[in-house]
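Note sheet for the following structure.
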Protein chains: 4
Amino acid sequence: MSSFWNHNISISIFGESHGPAIGIVIDNLPPGEYIDLEKLRQFMARRTPKKDGTTTLRSEQDLPQIMSGLLNDRTTGVPLCAFIQNTDTHSKDYSNLSRLPRPGHADYTGAMRYRGFNDVRGGGHFSGRLTAPLVFAGAVCGQILERRGIYTGAHILSIHDIKDDAFSRTKVTKEDILEVREKDFPVRSDTQGEKMREDIIKARLGQESLGGIVECVAINVPAGVGSPMFDGLENTIASLIFGIPAVKGLEFGAGFQVAEMVGSQDNDPFYIDENGQVKTKTNNHGGILGGISSGMPITLNVAIKPTASIAKPQETVDFRAKTNETLQIQGRHDPCIVPRAVPCVEAAVNLALLSHMMEYPNF
Amino acid sequence: MSSFWNHNISISIFGESHGPAIGIVIDNLPPGEYIDLEKLRQFMARRTPKKDGTTTLRSEQDLPQIMSGLLNDRTTGVPLCAFIQNTDTHSKDYSNLSRLPRPGHADYTGAMRYRGFNDVRGGGHFSGRLTAPLVFAGAVCGQILERRGIYTGAHILSIHDIKDDAFSRTKVTKEDILEVREKDFPVRSDTQGEKMREDIIKARLGQESLGGIVECVAINVPAGVGSPMFDGLENTIASLIFGIPAVKGLEFGAGFQVAEMVGSQDNDPFYIDENGQVKTKTNNHGGILGGISSGMPITLNVAIKPTASIAKPQETVDFRAKTNETLQIQGRHDPCIVPRAVPCVEAAVNLALLSHMMEYPNF
Amino acid sequence: MSSFWNHNISISIFGESHGPAIGIVIDNLPPGEYIDLEKLRQFMARRTPKKDGTTTLRSEQDLPQIMSGLLNDRTTGVPLCAFIQNTDTHSKDYSNLSRLPRPGHADYTGAMRYRGFNDVRGGGHFSGRLTAPLVFAGAVCGQILERRGIYTGAHILSIHDIKDDAFSRTKVTKEDILEVREKDFPVRSDTQGEKMREDIIKARLGQESLGGIVECVAINVPAGVGSPMFDGLENTIASLIFGIPAVKGLEFGAGFQVAEMVGSQDNDPFYIDENGQVKTKTNNHGGILGGISSGMPITLNVAIKPTASIAKPQETVDFRAKTNETLQIQGRHDPCIVPRAVPCVEAAVNLALLSHMMEYPNF
Amino acid sequence: MSSFWNHNISISIFGESHGPAIGIVIDNLPPGEYIDLEKLRQFMARRTPKKDGTTTLRSEQDLPQIMSGLLNDRTTGVPLCAFIQNTDTHSKDYSNLSRLPRPGHADYTGAMRYRGFNDVRGGGHFSGRLTAPLVFAGAVCGQILERRGIYTGAHILSIHDIKDDAFSRTKVTKEDILEVREKDFPVRSDTQGEKMREDIIKARLGQESLGGIVECVAINVPAGVGSPMFDGLENTIASLIFGIPAVKGLEFGAGFQVAEMVGSQDNDPFYIDENGQVKTKTNNHGGILGGISSGMPITLNVAIKPTASIAKPQETVDFRAKTNETLQIQGRHDPCIVPRAVPCVEAAVNLALLSHMMEYPNF
């Protein structure tokens, strides 16, 4: 398997960047769930390129056509299939790629894996465009979760060396989440956001690209969701997050900072809050202990590498002729995909959470 | 599912810390593989507690009895079951735990998940002891991989604020791997190791515990192993690594550092080496691009939190009575589990790699 | 899950009878396999309705559009998605079905399962039309198998009380298979076939429908394919065959006849044939022992019930009002689906076999 | 995979007939379920050999030791592992088997599959003895189902040409089920049972063995359990039933008889019963329509072949030397395994039903 993901909910993603269409099949959604298609479209619009110079010029409408599983805007319970046409493709931009693999891309590894038969145009099945179906799934799952009070929010935590304000790990509100979600450039501090945008434009002009970190949080997940060992919330989230191209790291709660802590710092003391709920005073555990939710906000950070496609000349090889070569990549590319990765991370978390919630009593 | 992991190879781990036994069933190992039981025992010994004050005093022989799947020291191809008796258990140490959850442990979340029916003695199924079966599986897989020239090595990269020398990401030899593997305290620089030991003993005396980072590398994995999206090497490794208790972060190659890079720094230039092999000059991609191996060393870092069990009094709650309480944990605990996590990480990587190699042509 | 099937090859089928489209995603096909699209179309044509009065008058072109996974008529190795538009739908024919479940159909059970939210028009996701994507998958897998010399053939073994000549279980040739495959009405004896057609037309005129048995055989599967217990060839084939609507029974080799045999009759004696191959003199085991192929032809029979939709008035209920009612089904229906089930059974066997062959050494 | 079965509940079976032990791990059982160990032992005793000449003389105590997952006789929710020691093994009886495969056994196919490395003593992992762990799982699941009013019962429907009285498909009571369950020889008509026993003893004396059919029924399964396509009740039951050695056929409801029916005969008319429940007047559909339960009894028949091990000399081959040979099987064997298959079939159905019930609302 590669593009099938099986849990209580299963998904199957198909398509190549320059083929006729891409899409997704989602199986085992609960029946009778109302899906607001306008809200769905808005969620998906968050990953489409902007016209402000920070993203690719490729115009992606990405309007999904729903082929099955939805009737009168409600899930039927059988597989939901969504379909996104590929229209604005410029295949000639990629004509020499099958010979000269782009550094940082899967051109070489894909050719080794598929013995040269995979479609390399636009990255084929490895293209970042394939995150659109994932975002579709996450948007559907998000609406079902929000109906039960569970909200997921993500934002740019940093780009290059510029930081946004992190969410509080102990107190995040629905309003905090919705505020950043509505922004064109998903940061909590617009001042910092403006610096990031300038840095991105500067990178683009300098034929460069930038990396960054996405922070994601989910609130109101009840305690007791998940399982130990290999079916924990962390494992499930990780299995989806590492399916997003360009992700190189994932941490929960205090993450890599725990390495420098002592036990009494890292351990989050329990207390009973004013409503009689069990809470923790700090949340270094990121809302997950032993793979199972504690009722505290679930928090994670995801490291996104700089876009591999840059305009600068780069060293590569002709891996069939076994010669060293120089490559100058043409085509339209995002100088920084971190802003567009924000809804992808949120989508992955939504999908993982809904899938685990399916086995929660009386969900 | 919780403790079943299904891939080309599947494992099923069972047992509770203070029950009669723990163990594992491994399905779909290739038949006819010779397993050196003495070497297996040595691998497992790497995670057993030491007598030097850096680990728990609980004596764990952890000698696995093989119940099926091995005949004349060769795999038969049908499920291999190994069994480890629990002997040195002191159940009274945990008598008040079901009422007062230990901060940083899964006592509270486990009780919520299993509605209070799970075995809490010694952490039950959540105990770090349950990594012994995983290490067993990793030791078996490692022997099969090494027969094909693939070596996996891990060491302590840091404990608290003390760092060991990292592996080179571009040039790691089998000798580098074996050198650290043979040490009692798995560090590359013994000077730094000595500082770490002193820091651990100091923490123990101060009723504290320490966290750290484990670095792991795998060499000679051929290019073309893995798949895009959800069945990439990163996803598979992550799905196992997050099954190791106390892991809070995972990064591949340059990991979180990519967030601060520009594209021309992060992209690893390809070149043809003196043997006509495709290589990259740097290895920020950690040997994996698009979920598929590039032929470069696979490298990853894993963040391990400080042992949750510390002797210092801690704030907790009685979650049934809804009262705030103070807890003082008795019992024998590791002041730092990072050294014992080293073979666990190595085992997880071995298992993930062998499982992916099963679909590699002519493996 | 319902419509996801996961093995070495995975499939995901989507669509409802009267929705915009139905289709399938197939994951993990070997890369580089040439697919003859004209031959594929011919395979699929075998399940489309005929104009001779033996099938429904609904016109189904069922021309699949391939959306991904195929480039220059070769599999790329990433998910292959095929898409079949629904065009000739008459939804008004089914207007009262959500109130009055049709006997023998899944109207009632589907409503219970999906709490009334599933699409009931034309049977929705339960429609026999959803076998078209399965046949597509089977046609693709069949071409890959035939390239390795493995041929699968099926025919009508009986309809009502009229029998066709069974395949020899010990000696079936490629020619035997191709001969019946090319016929419009897939029987080995055309004389018997003519009687069946007359019986079907008589049933239709009498507002009735007929059941029957499909026999399927696969030749040249090497010995050693499959696994014991739950991953045997029989289990895998069964998991697909029972996904074909109207199937009520499945038997391998001598099947239910073994119940009346004594051991020396049922046991198939081994011998060495003139080419030094291990064979059995009889083939009551149907080419499978312990879930694993023996090298003998794989043979199975599948019982197909009479089409549930008949024109005769039938007793049913209004399951919401809790009243007894009479139902007269309108619409266009097959008086006998056995002929159209023939390529479905063949497709299921192809898919199961190719999936198992994926782990056969040097496949 | 071979011996892992994954659904909402997962099982993993391990062991070889003459190895140290066999056993099972069951994952995802609901927590807090009381398991009556004496009742469990009684269920398992139904498949142990009897001393009346109808079964093997091998003495199998088969007392399972529970290693995890049960505390104070209640399921903890984490993997339940049971363990059965192999004690009364006579390995010398099988000394020449690796050279001369027994007709009707998996000796030859197993050797091809595992390249000669599998343990052939007593059939190894292919032995009927490996049904003991399955029966253990079925006994556990049965207790959980019965607590919700769901009862499963099986009996010998026929042996050779002697028939027992079938259950009524429309009206089966809990008492009908318990009556036959308590018998040493599980038939409904003791007169017919006596004839069967005589026939079995006659077969044994004549160095022969006999086959037969097991009928199984499950009552009080609510309507709406299961899913269409590949996750239907029929598929799930089939995936387990074909894991029982010697099974060659499976049919639901009227099964193969539907092939000779016309639609108005086969279709089961719906009606509202005296309690306002939706019922069907006949039950040719065997309680399952479209993969989903209808609320009617679930009924199935399973064809069991004669024991492959018979004392008569048989033709076989030396498949390495490529010579024709004669084999005379020594050892202790059941002249008819149909009586011992009865609890195996019941167990498989219990496991499939409980696994599907896990996703039924408010189970």
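Scheme for the structure tokens: letters A, B, ... for chains in order shown; per-chain residue numbers from 1; ligand numbers from 1 in order shown.
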Point to revise | Neighbour list for segment 14-31 of chain C as a PyMOL selection string, cut-off 7 Å, only C-alpha atoms, skip fewer than 5 positions in-chain | key: (chain A and resi 1+67-68+79+81+114+117) or (chain C and resi 9+75-86+89+91+121-125+127+129+133)
Practice item. Using backbone DSSP assignments, extract all alpha helix (DSSP H) residues from segment 192-276 of chain D; output them as a count of residues only. Key: 27
Practice item. Find the residues in chain D near chain C: any atom within 6 Å counts, using only C-alpha atoms. Write them as a PyMOL selection string. Key: chain D and resi 2-3+103-104+106+109+112-113+160-161+208-213+224+227-231+235+239+242-243+248-252+255-256+258-260+262-263+267-271+289-290+292+294+303-306+315-317+324
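Atom CA of Pro49 of chain D sits 22.0 Å away from atom CA of Ile66 of chain D.
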Check your understanding: Do you have the atom CA of Leu353 of chain A-atom CA of Glu38 of chain A distance handy?
Key ->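 These two atoms are separated by 22.6 Å.
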Exercise for review: Using atom CA of Thr152 of chain C and atom CA of Glu346 of chain C as the two end points, give the distance in Å to one decimal.
Suggested key: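 Interatomic distance here is 6.4 Å.
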Practice item. For Ala347 of chain B, please output as number ranges by chain all residues within 9 Å (counting only C-alpha atoms; exclusion window: fewer than 5 positions along the same chain). Key: B: 134-142, 152, 342, 352
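Using only C-alpha atoms, the shortest contact distance between Ala218 of chain A and any of A:Gly206, A:Gly153, A:Pro186, A:Gly193 is found at A:Gly153.
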